[in-house]
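Novice: After the structure tokens below, expect a handful of questions from me.
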Amino acid sequence: MRHAACHFSITPLTRGKTAGAVARAAYIARCRLLDARTGQTYSYSRRGGLLEEGTVNWVTGIEKFWNAVERSEIRKNSRVAREIKVALPVELPLDDMRRVVHGFTCNLKDRYGVVAQYAIHAPKFHDKEDGKEVERKYQDGILDLDEYLCIMADPKRTNLNFHAHILVSTREKDELSGGF
């Protein structure tokens with residue numbers, strides 16, 4: 001097994017100490033989101049490394065989801081979400097990584113009634129310029145997914161840190177109203 005380290009952590013996102021759930025969701029999904037509470041836009045769409053992303057127990061988009069979560073909390077130092085980070089073995093094919101992460105997220109929904117967003121990120125390159133070149137080729141369609149994943153699994157080029165971020169609401173979703 002080439003995966004050198006195991007990692008699992010849970011971090012609370014509190015309004016007083018972090019930029020908020022919308023900002024973190026934008027980073028995780030590598031996209032652009034508007035925080036309706038602050039009026040600030042967060043954009044991480046140029047950052048590469050996103051292999052897979054999705055939500056569980058929510059269908060109208062992550063911007064509406066995290067803004068609804070932020071609206072449901074009224075205190076200035078509210079805990080709005082929890083972020084779970086977990087390392088994934090490099091030997092797992094992407095489909096298996098997806099099944100493991102999605103299954104774990106579905107289990108959280110079934111057990112606690114929460115809404116969650118997940119994303120699988122690729123490892124970091126030892127050489128940033130090499131990483132930028134590979135990302136550009138992948139985005140431009142020069143590399144297909146299999147070639148891209150093969151490069152990501154090369155210990156000479158990357159740190160082999162395939163990992164998942166799971167952002168979970170702290171409140172249950174009310175199935176009737178759709179709110180928290």
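In the structure tokens, each chain is lettered A, B, ... as it comes, each chain's residues begin at 1, and ligands are numbered from 1 in order of appearance.
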Wanna dump the range 23-91 of chain A-range 115-127 of chain A contacts at 7 Å for me, each residue with its shortest atom pair and the distance in Å to one decimal, counting only C-alpha atoms, ordered by chain and number, as a Markdown table?

Specialist:
| residue | atom | partner | partner_atom | distance |
| --- | --- | --- | --- | --- |
| A:Ile28 | CA | A:Ala119 | CA | 6.2 |
| A:Ala29 | CA | A:Ala119 | CA | 6.3 |
| A:Gly49 | CA | A:Ala122 | CA | 4.8 |
| A:Leu50 | CA | A:His121 | CA | 4.8 |
| A:Leu51 | CA | A:Ile120 | CA | 5.4 |
| A:Glu52 | CA | A:Ile120 | CA | 5.1 |
| A:Glu53 | CA | A:Ala119 | CA | 4.1 |
| A:Gly54 | CA | A:Tyr118 | CA | 5.5 |
| A:Thr55 | CA | A:Gln117 | CA | 4.3 |
| A:Val56 | CA | A:Ala116 | CA | 5.3 |
| A:Asn57 | CA | A:Val115 | CA | 5.2 |
| A:Trp58 | CA | A:Val115 | CA | 6.4 |

Novice: Can you spit out the residues from that selection as a PDB file, in the first residue's frame, using N, CA and C atoms?

Specialist:
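Output file part.pdb is given in full below:
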ATOM      1  N   ILE A  28     -14.362  24.207  -1.337  1.00  0.00           N
ATOM      2  CA  ILE A  28     -14.476  22.760  -1.489  1.00  0.00           C
ATOM      3  C   ILE A  28     -14.935  22.394  -2.895  1.00  0.00           C
ATOM      4  N   ALA A  29     -15.926  23.108  -3.424  1.00  0.00           N
ATOM      5  CA  ALA A  29     -16.488  22.789  -4.736  1.00  0.00           C
ATOM      6  C   ALA A  29     -15.731  23.463  -5.878  1.00  0.00           C
ATOM      7  N   GLY A  49      -7.880  20.523  -9.153  1.00  0.00           N
ATOM      8  CA  GLY A  49      -7.828  19.410  -8.224  1.00  0.00           C
ATOM      9  C   GLY A  49      -9.155  18.827  -7.807  1.00  0.00           C
ATOM     10  N   LEU A  50     -10.266  19.318  -8.343  1.00  0.00           N
ATOM     11  CA  LEU A  50     -11.565  18.763  -7.989  1.00  0.00           C
ATOM     12  C   LEU A  50     -11.832  17.534  -8.845  1.00  0.00           C
ATOM     13  N   LEU A  51     -12.019  16.387  -8.198  1.00  0.00           N
ATOM     14  CA  LEU A  51     -12.286  15.151  -8.923  1.00  0.00           C
ATOM     15  C   LEU A  51     -13.761  14.801  -8.948  1.00  0.00           C
ATOM     16  N   GLU A  52     -14.469  15.117  -7.888  1.00  0.00           N
ATOM     17  CA  GLU A  52     -15.893  14.766  -7.779  1.00  0.00           C
ATOM     18  C   GLU A  52     -16.521  15.644  -6.714  1.00  0.00           C
ATOM     19  N   GLU A  53     -17.788  16.007  -6.890  1.00  0.00           N
ATOM     20  CA  GLU A  53     -18.496  16.757  -5.851  1.00  0.00           C
ATOM     21  C   GLU A  53     -19.984  16.496  -5.952  1.00  0.00           C
ATOM     22  N   GLY A  54     -20.684  16.727  -4.847  1.00  0.00           N
ATOM     23  CA  GLY A  54     -22.120  16.526  -4.835  1.00  0.00           C
ATOM     24  C   GLY A  54     -22.722  16.899  -3.496  1.00  0.00           C
ATOM     25  N   THR A  55     -24.041  16.775  -3.415  1.00  0.00           N
ATOM     26  CA  THR A  55     -24.750  17.043  -2.160  1.00  0.00           C
ATOM     27  C   THR A  55     -25.663  15.862  -1.845  1.00  0.00           C
ATOM     28  N   VAL A  56     -25.998  15.758  -0.583  1.00  0.00           N
ATOM     29  CA  VAL A  56     -26.922  14.733  -0.115  1.00  0.00           C
ATOM     30  C   VAL A  56     -28.019  15.436   0.665  1.00  0.00           C
ATOM     31  N   ASN A  57     -29.284  15.138   0.327  1.00  0.00           N
ATOM     32  CA  ASN A  57     -30.459  15.683   1.010  1.00  0.00           C
ATOM     33  C   ASN A  57     -30.739  17.126   0.609  1.00  0.00           C
ATOM     34  N   TRP A  58     -30.254  17.561  -0.568  1.00  0.00           N
ATOM     35  CA  TRP A  58     -30.516  18.915  -1.062  1.00  0.00           C
ATOM     36  C   TRP A  58     -30.409  18.888  -2.578  1.00  0.00           C
TER      37      TRP A  58
END

Novice: Quick one: residues within 10 Å of Ser9 in chain A, only C-alpha atoms, excluding same-chain residues fewer than 2 positions away - as a list of chain:residue names?

Specialist: A:His7, A:Thr11, A:Glu83, A:Ile84, A:Lys85, A:Val86, A:Ala87, A:His165

Novice: From the DSSP assignment of the backbone, select every residue of range 48-89 of chain A that is alpha helix (DSSP H), and format the answer as a list of chain:residue names.

Specialist: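 The residues of range 48-89 of chain A classed as alpha helix (DSSP H) are A:Ile62, A:Glu63, A:Lys64, A:Phe65, A:Trp66, A:Asn67, A:Ala68, A:Val69, A:Glu70, A:Arg71, A:Ser72.
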
Novice: Quick one: write out the picked residues with C-alpha atoms as a PDB file, in the first residue's frame?

Specialist:
ATOM      1  CA  ILE A  62     -25.033  24.648  -2.914  1.00  0.00           C
ATOM      2  CA  GLU A  63     -25.337  28.451  -2.943  1.00  0.00           C
ATOM      3  CA  LYS A  64     -29.016  28.260  -1.865  1.00  0.00           C
ATOM      4  CA  PHE A  65     -28.162  25.461   0.572  1.00  0.00           C
ATOM      5  CA  TRP A  66     -25.390  27.271   2.473  1.00  0.00           C
ATOM      6  CA  ASN A  67     -27.224  30.610   2.437  1.00  0.00           C
ATOM      7  CA  ALA A  68     -30.243  28.828   3.968  1.00  0.00           C
ATOM      8  CA  VAL A  69     -27.941  27.359   6.628  1.00  0.00           C
ATOM      9  CA  GLU A  70     -26.483  30.806   7.361  1.00  0.00           C
ATOM     10  CA  ARG A  71     -30.015  32.298   7.639  1.00  0.00           C
ATOM     11  CA  SER A  72     -31.060  29.595  10.111  1.00  0.00           C
TER      12      SER A  72
END

Novice: Taking into account only C-alpha atoms, which residue in the set A:Leu88, A:Pro155, A:Glu133, A:Cys106 is nearest to Phe8 in chain A?

Specialist: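 Smallest distance to Phe8 in chain A is found for A:Leu88.
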
Novice: Could you go through chain A and tell me which residues DSSP, when run on the backbone, assigns to strand (DSSP E or B), listing them as a PyMOL selection string?

Specialist: chain A and resi 8-14+32-34+41-43+50-56+79-87+116-121+125+158+163-169
